[in-house]
Structure formats: C-alpha cells, structure tokens
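Colleague: Input structure: coords34.cif, which contains mmCIF, C-alpha atoms.
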```
data_coords
#
loop_
_atom_site.label_atom_id
_atom_site.label_comp_id
_atom_site.auth_asym_id
_atom_site.auth_seq_id
_atom_site.Cartn_x
_atom_site.Cartn_y
_atom_site.Cartn_z
CA MET A 1 -16.25 -2.34 -34.29
CA ALA A 2 -15.04 -1.20 -30.88
CA ALA A 3 -14.45 -4.78 -29.74
CA ALA A 4 -12.42 -5.55 -32.86
CA HIS A 5 -10.34 -2.45 -32.37
CA GLY A 6 -9.78 -3.40 -28.73
CA ASP A 7 -8.71 -6.91 -29.72
CA ARG A 8 -6.27 -5.39 -32.21
CA LEU A 9 -4.74 -3.31 -29.45
CA ALA A 10 -4.61 -6.31 -27.13
CA ALA A 11 -2.79 -8.46 -29.64
CA ALA A 12 -0.35 -5.71 -30.47
CA LEU A 13 0.57 -4.88 -26.90
CA ALA A 14 0.45 -8.39 -25.46
CA SER A 15 4.13 -9.17 -25.74
CA VAL A 16 5.20 -5.79 -24.42
CA LEU A 17 2.78 -5.86 -21.50
CA LEU A 18 4.11 -9.19 -20.35
CA CYS A 19 6.88 -7.07 -18.93
CA CYS A 20 4.34 -4.95 -17.25
CA CYS A 21 2.69 -5.63 -18.65
CA SER A 22 18.75 12.87 -4.81
CA LEU A 23 20.39 10.99 -2.77
CA ALA A 24 18.85 12.56 0.27
CA ARG A 25 16.84 11.09 3.13
CA LEU A 26 13.12 11.53 3.37
CA ALA A 27 11.88 13.92 6.01
CA GLN A 28 9.76 12.75 8.91
CA CYS A 29 6.16 13.87 9.11
CA GLY A 30 5.49 16.95 11.14
CA GLY A 31 9.08 17.76 12.05
CA GLY A 32 10.09 19.13 8.68
CA GLY A 33 13.80 18.62 8.39
CA VAL A 34 14.58 15.68 10.69
CA PRO A 35 16.14 13.01 8.41
CA GLN A 36 14.42 9.63 8.24
CA ASN A 37 16.90 6.77 8.06
CA TYR A 38 14.98 3.94 6.44
CA THR A 39 16.30 0.48 7.20
CA ALA A 40 13.78 -1.45 5.06
CA MET A 41 11.63 -0.93 1.99
CA PHE A 42 8.67 -2.87 0.59
CA SER A 43 7.12 -2.33 -2.83
CA PHE A 44 3.93 -3.40 -4.58
CA GLY A 45 2.64 -2.80 -8.10
CA ASP A 46 3.06 -3.81 -11.73
CA SER A 47 5.80 -3.75 -14.37
CA LEU A 48 6.88 -0.22 -13.48
CA THR A 49 8.12 -1.70 -10.19
CA ASP A 50 8.58 -5.45 -10.78
CA THR A 51 12.19 -6.58 -10.39
CA GLY A 52 11.66 -10.21 -11.38
CA ASN A 53 8.42 -11.71 -10.07
CA LEU A 54 6.78 -11.99 -13.51
CA LEU A 55 9.82 -13.84 -14.77
CA VAL A 56 9.15 -16.57 -12.20
CA SER A 57 5.36 -16.58 -12.23
CA SER A 58 4.82 -16.72 -16.00
CA PRO A 59 7.06 -18.96 -18.11
CA LEU A 60 5.71 -17.28 -21.26
CA SER A 61 7.27 -14.03 -20.07
CA ASN A 62 10.71 -15.55 -20.66
CA HIS A 63 10.18 -14.81 -24.35
CA ILE A 64 10.34 -11.07 -23.62
CA VAL A 65 11.49 -9.90 -20.21
CA GLY A 66 14.06 -12.66 -19.85
CA ARG A 67 15.90 -11.91 -23.06
CA TYR A 68 18.17 -9.32 -24.61
CA PRO A 69 18.05 -6.31 -24.79
CA TYR A 70 16.21 -5.94 -21.47
CA GLY A 71 18.71 -5.09 -18.72
CA ILE A 72 21.54 -4.00 -21.02
CA THR A 73 22.36 -0.68 -19.36
CA TYR A 74 23.07 -1.33 -15.68
CA PHE A 75 22.85 -5.05 -15.04
CA HIS A 76 24.15 -6.09 -18.48
CA ARG A 77 21.71 -8.98 -18.43
CA PRO A 78 17.95 -9.48 -18.21
CA THR A 79 16.72 -9.39 -14.61
CA GLY A 80 12.96 -9.31 -15.06
CA ARG A 81 12.81 -5.52 -15.10
CA CYS A 82 10.87 -4.04 -18.00
CA SER A 83 13.53 -1.55 -18.98
CA ASP A 84 17.12 -1.32 -20.12
CA GLY A 85 18.20 -0.88 -16.50
CA ARG A 86 17.00 0.29 -13.11
CA LEU A 87 13.49 1.37 -12.14
CA VAL A 88 12.24 4.07 -9.77
CA VAL A 89 12.17 1.55 -6.91
CA ASP A 90 15.84 0.78 -7.50
CA PHE A 91 16.86 4.43 -7.40
CA LEU A 92 14.88 4.96 -4.21
CA ALA A 93 16.52 1.97 -2.53
CA GLN A 94 19.97 3.19 -3.52
CA ALA A 95 19.17 6.71 -2.33
CA PHE A 96 18.34 5.31 1.12
CA GLY A 97 21.47 3.16 1.24
CA LEU A 98 19.48 -0.07 0.92
CA PRO A 99 20.22 -3.05 -1.33
CA LEU A 100 18.14 -3.44 -4.48
CA LEU A 101 14.94 -5.18 -3.45
CA PRO A 102 14.84 -8.87 -4.37
CA PRO A 103 11.65 -10.13 -6.05
CA TYR A 104 9.52 -12.00 -3.53
CA LEU A 105 9.08 -15.09 -5.72
CA GLN A 106 12.88 -15.44 -5.98
CA SER A 107 13.61 -14.81 -2.30
CA ARG A 108 13.22 -18.21 -0.67
CA GLY A 109 15.82 -18.66 2.03
CA LYS A 110 16.96 -15.02 1.92
CA ASP A 111 17.01 -12.58 4.81
CA LEU A 112 14.35 -10.04 3.84
CA ARG A 113 14.54 -7.74 6.84
CA GLN A 114 15.86 -4.94 4.61
CA GLY A 115 12.89 -5.32 2.31
CA VAL A 116 11.48 -7.14 -0.69
CA ASN A 117 9.59 -6.40 -3.89
CA PHE A 118 6.10 -7.87 -4.31
CA ALA A 119 5.25 -6.14 -7.62
CA VAL A 120 4.35 -8.30 -10.63
CA GLY A 121 4.40 -7.24 -14.27
CA GLY A 122 0.86 -7.07 -15.68
CA ALA A 123 -0.70 -6.91 -12.21
CA THR A 124 -3.91 -5.03 -11.51
CA ALA A 125 -5.39 -3.12 -8.61
CA MET A 126 -8.63 -5.08 -8.98
CA ASP A 127 -9.09 -8.81 -8.51
CA PRO A 128 -10.13 -11.15 -11.39
CA PRO A 129 -13.90 -11.03 -10.64
CA PHE A 130 -13.91 -7.34 -11.62
CA PHE A 131 -12.68 -8.23 -15.09
CA GLN A 132 -15.16 -11.06 -15.37
CA GLU A 133 -17.91 -8.57 -14.62
CA ILE A 134 -16.83 -6.18 -17.38
CA GLY A 135 -16.13 -9.02 -19.83
CA ALA A 136 -12.37 -8.59 -19.97
CA SER A 137 -11.09 -11.55 -17.95
CA ASP A 138 -9.63 -13.17 -21.07
CA LYS A 139 -7.24 -10.24 -21.42
CA LEU A 140 -5.56 -10.75 -18.04
CA TRP A 141 -1.92 -11.79 -18.16
CA THR A 142 -1.66 -12.58 -14.44
CA ASN A 143 -3.96 -13.15 -11.48
CA LEU A 144 -1.31 -11.85 -9.07
CA SER A 145 -3.23 -8.69 -8.26
CA LEU A 146 -2.53 -6.11 -5.58
CA SER A 147 -4.51 -8.06 -2.98
CA VAL A 148 -2.41 -11.17 -3.67
CA GLN A 149 0.74 -9.12 -3.17
CA LEU A 150 -0.62 -7.81 0.14
CA GLY A 151 -1.26 -11.41 1.15
CA TRP A 152 2.38 -12.21 0.47
CA PHE A 153 3.43 -9.35 2.73
CA GLU A 154 1.13 -10.50 5.53
CA LYS A 155 2.54 -14.02 5.21
CA LEU A 156 6.06 -12.62 5.47
CA LYS A 157 5.40 -10.25 8.37
CA PRO A 158 5.94 -12.77 11.23
CA SER A 159 9.52 -13.30 10.02
CA LEU A 160 10.16 -9.54 10.15
CA CYS A 161 8.95 -8.84 13.67
CA THR A 162 7.03 -10.62 16.40
CA SER A 163 5.84 -8.48 19.32
CA PRO A 164 3.72 -5.34 18.82
CA LYS A 165 6.54 -3.23 20.24
CA GLN A 166 9.13 -4.76 17.93
CA CYS A 167 6.85 -4.36 14.90
CA LYS A 168 6.11 -0.73 15.74
CA GLU A 169 9.80 0.08 15.93
CA TYR A 170 10.63 -1.90 12.78
CA PHE A 171 7.92 -0.36 10.62
CA SER A 172 8.66 3.15 11.90
CA LYS A 173 11.88 2.84 9.89
CA SER A 174 10.35 1.11 6.85
CA LEU A 175 9.14 2.68 3.61
CA PHE A 176 6.25 1.24 1.61
CA LEU A 177 5.87 1.96 -2.11
CA VAL A 178 2.28 1.19 -3.13
CA GLY A 179 2.37 1.23 -6.90
CA GLU A 180 2.28 2.44 -9.51
CA ILE A 181 -0.78 0.20 -9.90
CA GLY A 182 -4.07 0.61 -11.75
CA GLY A 183 -2.86 1.36 -15.26
CA ASN A 184 -3.32 -2.23 -16.37
CA ASP A 185 -6.90 -2.26 -15.08
CA TYR A 186 -7.75 0.33 -17.69
CA ASN A 187 -5.55 -1.22 -20.38
CA TYR A 188 -7.31 -4.56 -20.12
CA ALA A 189 -10.70 -2.86 -20.38
CA LEU A 190 -9.59 -0.87 -23.41
CA PHE A 191 -8.13 -4.02 -24.97
CA LYS A 192 -11.58 -5.55 -24.78
CA GLY A 193 -13.02 -2.65 -26.73
CA LYS A 194 -14.26 -0.51 -23.86
CA THR A 195 -14.23 3.23 -24.51
CA LEU A 196 -12.52 5.85 -22.40
CA ASP A 197 -15.97 6.85 -21.15
CA ASP A 198 -16.51 3.25 -20.03
CA ALA A 199 -13.11 3.22 -18.34
CA LYS A 200 -13.89 6.48 -16.58
CA THR A 201 -16.71 4.77 -14.70
CA TYR A 202 -14.17 2.31 -13.26
CA VAL A 203 -11.92 5.01 -11.83
CA PRO A 204 -13.53 5.30 -8.36
CA THR A 205 -13.35 1.53 -7.96
CA VAL A 206 -9.76 1.18 -9.18
CA ALA A 207 -8.49 4.17 -7.19
CA GLY A 208 -10.42 2.83 -4.20
CA ALA A 209 -8.59 -0.49 -4.47
CA VAL A 210 -5.27 1.37 -4.24
CA THR A 211 -6.32 3.32 -1.17
CA ASP A 212 -7.84 0.20 0.40
CA ALA A 213 -4.46 -1.49 0.00
CA THR A 214 -2.77 1.53 1.56
CA GLU A 215 -5.14 1.36 4.53
CA ARG A 216 -4.54 -2.38 4.88
CA LEU A 217 -0.81 -1.71 5.14
CA ILE A 218 -1.35 1.04 7.72
CA LYS A 219 -3.40 -1.38 9.82
CA ALA A 220 -0.53 -3.86 9.51
CA GLY A 221 1.85 -1.27 10.96
CA ALA A 222 3.10 0.80 8.00
CA THR A 223 3.87 4.41 8.88
CA HIS A 224 5.60 5.83 5.79
CA LEU A 225 3.85 5.16 2.48
CA VAL A 226 4.45 6.52 -1.03
CA VAL A 227 1.51 6.07 -3.42
CA PRO A 228 2.28 6.97 -7.05
CA GLY A 229 -0.27 8.05 -9.63
CA ASN A 230 -0.39 6.87 -13.23
CA LEU A 231 1.95 7.98 -15.98
CA PRO A 232 0.71 10.02 -18.99
CA MET A 233 -0.67 7.19 -21.11
CA GLY A 234 -1.26 9.55 -24.02
CA CYS A 235 2.53 9.79 -24.42
CA SER A 236 2.91 6.01 -24.77
CA SER A 237 4.18 5.23 -28.25
CA ALA A 238 2.03 2.11 -28.22
CA TYR A 239 -1.16 4.14 -27.82
CA LEU A 240 0.13 6.79 -30.22
CA THR A 241 0.68 4.09 -32.83
CA LEU A 242 -2.50 2.07 -32.33
CA HIS A 243 -4.93 4.83 -31.32
CA PRO A 244 -3.75 7.77 -33.43
CA GLY A 245 -5.70 10.98 -33.37
CA ARG A 246 -7.90 11.96 -36.29
CA ASN A 247 -6.47 15.45 -36.59
CA SER A 248 -3.82 17.70 -35.06
CA SER A 249 -6.19 18.99 -32.39
CA ASP A 250 -6.15 15.55 -30.78
CA TYR A 251 -2.52 16.08 -29.78
CA ASP A 252 -0.94 18.42 -27.25
CA ALA A 253 2.18 20.51 -27.86
CA VAL A 254 4.42 17.56 -26.97
CA GLY A 255 2.64 15.26 -29.40
CA CYS A 256 0.77 13.21 -26.79
CA LEU A 257 -2.89 12.23 -27.14
CA LYS A 258 -4.96 14.67 -25.11
CA THR A 259 -7.90 12.40 -24.27
CA TYR A 260 -5.70 9.62 -22.87
CA ASN A 261 -3.66 12.06 -20.80
CA ASP A 262 -6.86 13.67 -19.55
CA PHE A 263 -8.02 10.23 -18.47
CA ALA A 264 -4.78 9.54 -16.59
CA GLN A 265 -5.09 12.89 -14.83
CA HIS A 266 -8.67 12.08 -13.85
CA HIS A 267 -7.55 8.82 -12.25
CA ASN A 268 -4.80 10.66 -10.40
CA ALA A 269 -7.19 13.35 -9.14
CA VAL A 270 -9.61 10.75 -7.76
CA LEU A 271 -6.73 8.85 -6.16
CA GLN A 272 -5.50 12.00 -4.44
CA GLN A 273 -8.97 12.75 -3.09
CA LYS A 274 -9.17 9.27 -1.61
CA LEU A 275 -5.68 9.56 -0.13
CA GLN A 276 -6.63 12.83 1.52
CA ALA A 277 -9.58 11.12 3.20
CA LEU A 278 -7.22 8.36 4.34
CA ARG A 279 -4.87 10.92 5.89
CA ALA A 280 -7.75 12.28 7.94
CA ARG A 281 -8.49 8.79 9.30
CA TYR A 282 -4.86 7.94 10.03
CA PRO A 283 -3.06 11.16 11.06
CA GLN A 284 -0.20 9.12 12.54
CA ALA A 285 0.73 7.80 9.08
CA ARG A 286 2.74 9.75 6.53
CA ILE A 287 0.90 9.10 3.23
CA MET A 288 2.77 10.67 0.31
CA TYR A 289 1.32 10.96 -3.19
CA ALA A 290 4.00 10.66 -5.88
CA ASP A 291 3.09 12.55 -9.05
CA TYR A 292 4.60 10.28 -11.70
CA TYR A 293 2.47 12.08 -14.28
CA GLY A 294 3.90 15.50 -13.50
CA ALA A 295 7.44 14.19 -13.23
CA ALA A 296 7.17 12.47 -16.61
CA MET A 297 5.58 15.46 -18.31
CA SER A 298 8.43 17.66 -17.11
CA PHE A 299 10.88 15.77 -19.33
CA ALA A 300 8.28 15.22 -22.05
CA LYS A 301 7.99 18.99 -22.41
CA ASN A 302 11.72 19.68 -22.05
CA PRO A 303 13.47 16.49 -23.18
CA LYS A 304 16.85 18.01 -24.03
CA GLN A 305 17.19 19.47 -20.54
CA PHE A 306 17.16 15.87 -19.29
CA GLY A 307 19.49 14.58 -21.99
CA PHE A 308 16.74 12.99 -24.08
CA THR A 309 18.10 14.16 -27.41
CA GLN A 310 15.88 11.68 -29.27
CA GLY A 311 12.74 13.16 -27.74
CA PRO A 312 10.17 11.72 -25.34
CA LEU A 313 7.98 9.66 -27.69
CA ARG A 314 10.15 7.54 -29.96
CA THR A 315 11.20 4.21 -28.45
CA CYS A 316 14.78 3.05 -28.04
CA CYS A 317 13.82 -0.59 -28.63
CA GLY A 318 11.29 -1.41 -31.31
CA GLY A 319 10.58 -2.50 -34.85
CA GLY A 320 10.04 0.67 -36.87
CA GLY A 321 7.20 3.07 -37.54
CA PRO A 322 6.75 6.74 -36.67
CA TYR A 323 7.49 6.08 -32.98
CA ASN A 324 9.63 2.97 -33.53
CA PHE A 325 6.81 0.87 -32.12
CA ASN A 326 5.74 -2.01 -34.32
CA PRO A 327 3.17 -4.40 -32.85
CA LYS A 328 4.54 -7.16 -35.06
CA ALA A 329 8.13 -6.57 -33.93
CA SER A 330 8.06 -5.32 -30.37
CA CYS A 331 11.19 -5.06 -28.26
CA GLY A 332 12.86 -8.38 -27.65
CA VAL A 333 11.34 -10.26 -30.58
CA ARG A 334 12.56 -10.96 -34.10
CA GLY A 335 12.48 -7.88 -36.30
CA SER A 336 13.16 -5.37 -33.54
CA SER A 337 16.39 -3.52 -32.81
CA VAL A 338 17.77 -1.50 -29.94
CA CYS A 339 19.31 1.97 -30.01
CA THR A 340 22.99 2.49 -29.23
CA ASP A 341 22.37 5.00 -26.40
CA PRO A 342 19.25 4.34 -24.30
CA SER A 343 20.00 7.40 -22.14
CA ALA A 344 19.11 9.60 -25.11
CA TYR A 345 15.56 8.22 -25.04
CA ALA A 346 12.79 8.49 -22.45
CA ASN A 347 10.73 5.71 -24.00
CA TRP A 348 12.13 2.18 -23.87
CA ASP A 349 9.72 -0.24 -25.57
CA GLY A 350 6.49 1.64 -26.21
CA VAL A 351 4.95 1.01 -22.81
CA HIS A 352 7.84 1.29 -20.36
CA LEU A 353 10.50 3.94 -19.87
CA THR A 354 14.29 3.85 -19.98
CA GLU A 355 16.50 3.76 -16.92
CA ALA A 356 17.36 7.42 -17.59
CA ALA A 357 13.68 8.37 -17.50
CA TYR A 358 13.04 6.39 -14.32
CA HIS A 359 16.09 8.09 -12.79
CA ALA A 360 14.60 11.47 -13.67
CA ILE A 361 11.28 10.52 -12.05
CA ALA A 362 12.98 9.20 -8.91
CA ASP A 363 15.06 12.36 -8.61
CA SER A 364 11.97 14.51 -9.13
CA ILE A 365 9.97 12.84 -6.38
CA LEU A 366 12.94 12.81 -4.01
CA ASN A 367 14.14 16.35 -4.54
CA GLY A 368 11.49 18.08 -6.63
CA PRO A 369 7.93 19.25 -6.23
CA TYR A 370 6.31 15.99 -7.29
CA THR A 371 5.29 14.53 -3.94
CA SER A 372 2.47 15.65 -1.70
CA PRO A 373 3.31 16.15 1.08
CA ARG A 374 6.86 16.91 0.05
CA LEU A 375 9.42 14.20 0.71
CA LEU A 376 12.09 16.70 1.74
#
```
Output the file's structure in the form of structure tokens.
Modeller:
Amino acid sequence: MAAAHGDRLAAALASVLLCCCSLARLAQCGGGGVPQNYTAMFSFGDSLTDTGNLLVSSPLSNHIVGRYPYGITYFHRPTGRCSDGRLVVDFLAQAFGLPLLPPYLQSRGKDLRQGVNFAVGGATAMDPPFFQEIGASDKLWTNLSLSVQLGWFEKLKPSLCTSPKQCKEYFSKSLFLVGEIGGNDYNYALFKGKTLDDAKTYVPTVAGAVTDATERLIKAGATHLVVPGNLPMGCSSAYLTLHPGRNSSDYDAVGCLKTYNDFAQHHNAVLQQKLQALRARYPQARIMYADYYGAAMSFAKNPKQFGFTQGPLRTCCGGGGPYNFNPKASCGVRGSSVCTDPSAYANWDGVHLTEAAYHAIADSILNGPYTSPRLL
C-alpha cells in the first residue's frame, strides 16, 4: 500500500521535479561591521539554485523547464530556472554587484573568475549508491549529485588561481552557496513509499553529506560559506494535494501539513548541529547557516505583508484543484495555465516558489534575522 502510494506521488511530481526537481554587503567574520566586497560567487545545489545545468544535462527536461511559462517575469524566456524569474542565488549575486552566475555546463570558453553555478535540478546530497541501498534508485532524475558538483569545482579551480598565495587572496573575496540541497534525497525516498519515520533515519547521513561538502570546500580554500536549510515541505501544494491530512488537526494555522514541516525542521536542526561542529574545527572560516524555512514561514504566516494577495499555498502555474496543483496538468504541460500576476503568489508550480518569494527569502537572509551568524 505504501509503495503504491509512493509511486503515485512519484508519477505526479515527476514532471515538476525535473525543474528541481538588501542590497548590502556581507560583514566579515569577527570584525562586525567591516564590509566584505565579494568579487566571485560559487553555488551548488538543486532546482532551488540551478540556473540552467539541468536544461543541458537532461534532454527530457526541455519538456518542462525549457518551455513557457518558466522565466516569464524577469528574463521573458525560459532559462532553466524553475520559477517565473530569478532565484535566491540571482538576488544575492545582484546584491554583491556580481553578474548572474552562468550554469557550469553552459560555460565552456567563458571567463568564470567572477563565479559560476554548479547546481543541478533534481540533484541530491547523497550519491546514487545510497538510493540503491534504500531501493529508490529508479526514482532518481539525475546522477549529478553534490559530490559531482564539487568535482566540477575542483576541476575548474586551476583556472581561477595557481599559487597558494594567489588562491588564498582570491577565495578570501569569494562567497560559496552550498545548497539548498538534501530535499530531493527525502523526496525520492518518499516517492518509493518510504514513511516519514523511514526518512528520519536518513537525516544524519544526508545532513552529514552537506557538511562534508562544506568541509571539502574549506579545505580547497573557501573562507565564506552560506549553507541553507530546507524549505517547509508541508507548505508545498504538491504534498498538500497528494498527501492530504485526515482531519483539521493535521494542519497548522497557515494550512501546511504539520508532520512534513516537523520533518523539515528536524533536518535543519541536525544540519545546524553539524555546522556548529564544523565551525569549531575551522575557526578561520565563516560558516553561515541560512534559515530558508524561517524566511519562508514568515511570508506564509503573513502573506499580504509581502504582497502575496493570493496566499502562500495556491500555485500561480498549475492545472486546477484546491491548490491549483494537478498532477495530470502540472505547470508547463497541456491543461495547465499561468496566473496574470506571479508576484501575488508565493508558490509557483507546486514545488518551487515565485521570483517574488525568492526575493523575500534573499532579502530576509541578507538583512533579516535568518542567518546564523548574522550576515550583517
């Protein structure tokens, strides 16, 4: 029964997850108030950060991420981003006066000394053998996991700097965004029919993979690193549609599923514990946790204050239903439609957020209380 239900969820979210599926300077560590002028930025992760790598790596993804209405708000064309416009990584780059990061797989021949984006939609923190072990390898949409992305960075590094002195100076002015990553690891397990209790046993391993990647970057010379936690998955209209609660007590005041949000918070708590241990081992590095969950819940609880007049749960782009998420007519496929004003919505396609929501998160982690230690 559980496996069948998981397969139902997998089939329904497959097309959507192919996509994944302020303006101030950051402060330097210790000084508190000395502006950090970043001259380069490097990002890793999944569809919350991917700016076009999935579009190149998976021809099948052209059916979704490479077609209208993705990209309609800012770029006025599909770019490979799983939203109507810019992502958190784009707003961060613009805040630091950097160009939007080009996707690594589309960057041949380009000068990447100002940074590049290694994130891939659908990517996982864990490598494929992990999913083979739990019986979910058939649910993977890409093998370009976090470790593969780190390998790309290490391959690129000699073109960025050569001598130890040059690399130290270069990376002292570079920002690394490690994630968001890990959400798909749990999604694939749940797609296979695993329970939330099963998924909870994977949390130390998945969170450990994120901190291991962070440590690997520190050893490669990274000094300033932002590591985001997971978003509130219980507020995803896809989960709300396909895993509805049995009674009203299963939902919080916003209308999100409590158990799924509790799970996301558990992952984030374990990740923060592991990051704290990493800080103790590498006191010279500034390791900043970005609370995507808290930032997202701030507008979920007070949507109109952020301009989300259509609320936080209903999607802008979808095919009908209580949350405008229809697994048979997901965003970008026949039978779906797109709203006239994406900025009035926080939810874009059932799994990903709108540009307006990503802007709110970026602003919150730049200028608000949602980074630890504080960015400013």
Colleague: Expand the PyMOL selection byres ((chain A and resi 97-104) around 7) into the individual residues it matches in the shown file, reporting them as a PyMOL selection string.
Modeller: chain A and resi 51-53+90+93-96+105-107+115-118
Colleague: Where does the PyMOL selection byres ((chain A and resi 284) around 10) land in this file, that is, which residues does it pick, as a list in words?
Modeller: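 For this structure, the PyMOL selection byres ((chain A and resi 284) around 10) resolves to Cys29, Gly30, Ile218, Thr223, His224, Arg279, Ala280, Arg281, Tyr282, Pro283, Ala285, Arg286 and Ile287 of chain A.
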Colleague: Using the chain letters and numbering of this document, enumerate as a PyMOL selection string the residues selected by the PyMOL selection byres ((chain A and resi 290) around 6).
Modeller: chain A and resi 227-228+289+291-292+370-371
Colleague: Can you measure atom CA of A:Ala344 to atom CA of A:Gly307 for me? One decimal in Å is fine.
Modeller: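 That distance, rounded to one decimal, is 5.9 Å.
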Colleague: May I ask which of the residues A:Arg113, A:Lys328, A:Lys301, A:Lys194 is the closest one to A:Cys235, counting all atoms listed in the file?
Modeller: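 Distance minimum relative to A:Cys235 lands on A:Lys301.
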Colleague: Out of A:Gln132, A:Ser236, A:Gln265, A:Thr214, which residue has the shortest atom-to-atom distance to A:Phe176 when counting only C-alpha atoms?
Modeller: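 Closest to A:Phe176, using only C-alpha atoms: A:Thr214.
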Colleague: Which is closest to A:Phe325 among A:Asn347, A:Thr241, A:Ser249, A:Ser172, if we use all atoms listed in the file?
Modeller: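 Using all atoms listed in the file, the shortest distance to A:Phe325 belongs to A:Thr241.
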Colleague: Report the distance between atom CA of A:Ser43 and atom CA of A:Leu177 in Å, rounded to one decimal place.
Modeller: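 Atom CA of A:Ser43 sits 4.5 Å away from atom CA of A:Leu177.
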Colleague: Name all residues at most 12 Å from A:Gly245 (count all atoms listed in the file; drop same-chain ones fewer than 3 positions away) and give them as a list in words.
Modeller: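 So the residues in contact are Gly234, Tyr239, Leu240, Thr241, Leu242, Ser248, Ser249, Asp250, Tyr251, Asp252, Gly255, Cys256, Leu257, Lys258, Thr259 and Tyr260 of chain A.
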Colleague: Out of A:Val206, A:Arg81, A:Glu215, A:Ile361, which residue has the shortest atom-to-atom distance to A:Ser145 when counting only C-alpha atoms?
Modeller: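 Comparing A:Val206, A:Arg81, A:Glu215, A:Ile361 against A:Ser145, the winner is A:Val206.
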Colleague: For stretch 363-367 of chain A, work out the shell of residues within 12 Å, counting all atoms listed in the file and skipping chain neighbours fewer than 5 positions away, then give it as a PyMOL selection string.
Modeller: chain A and resi 22-27+87-96+226-229+288-299+306+356-358+372-376
Colleague: May I ask for the distance between atom CA of A:Pro312 and atom CA of A:Ala346, given in Å to one decimal place?
Modeller: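 Value for the atom CA of A:Pro312-atom CA of A:Ala346 distance: 5.1 Å.
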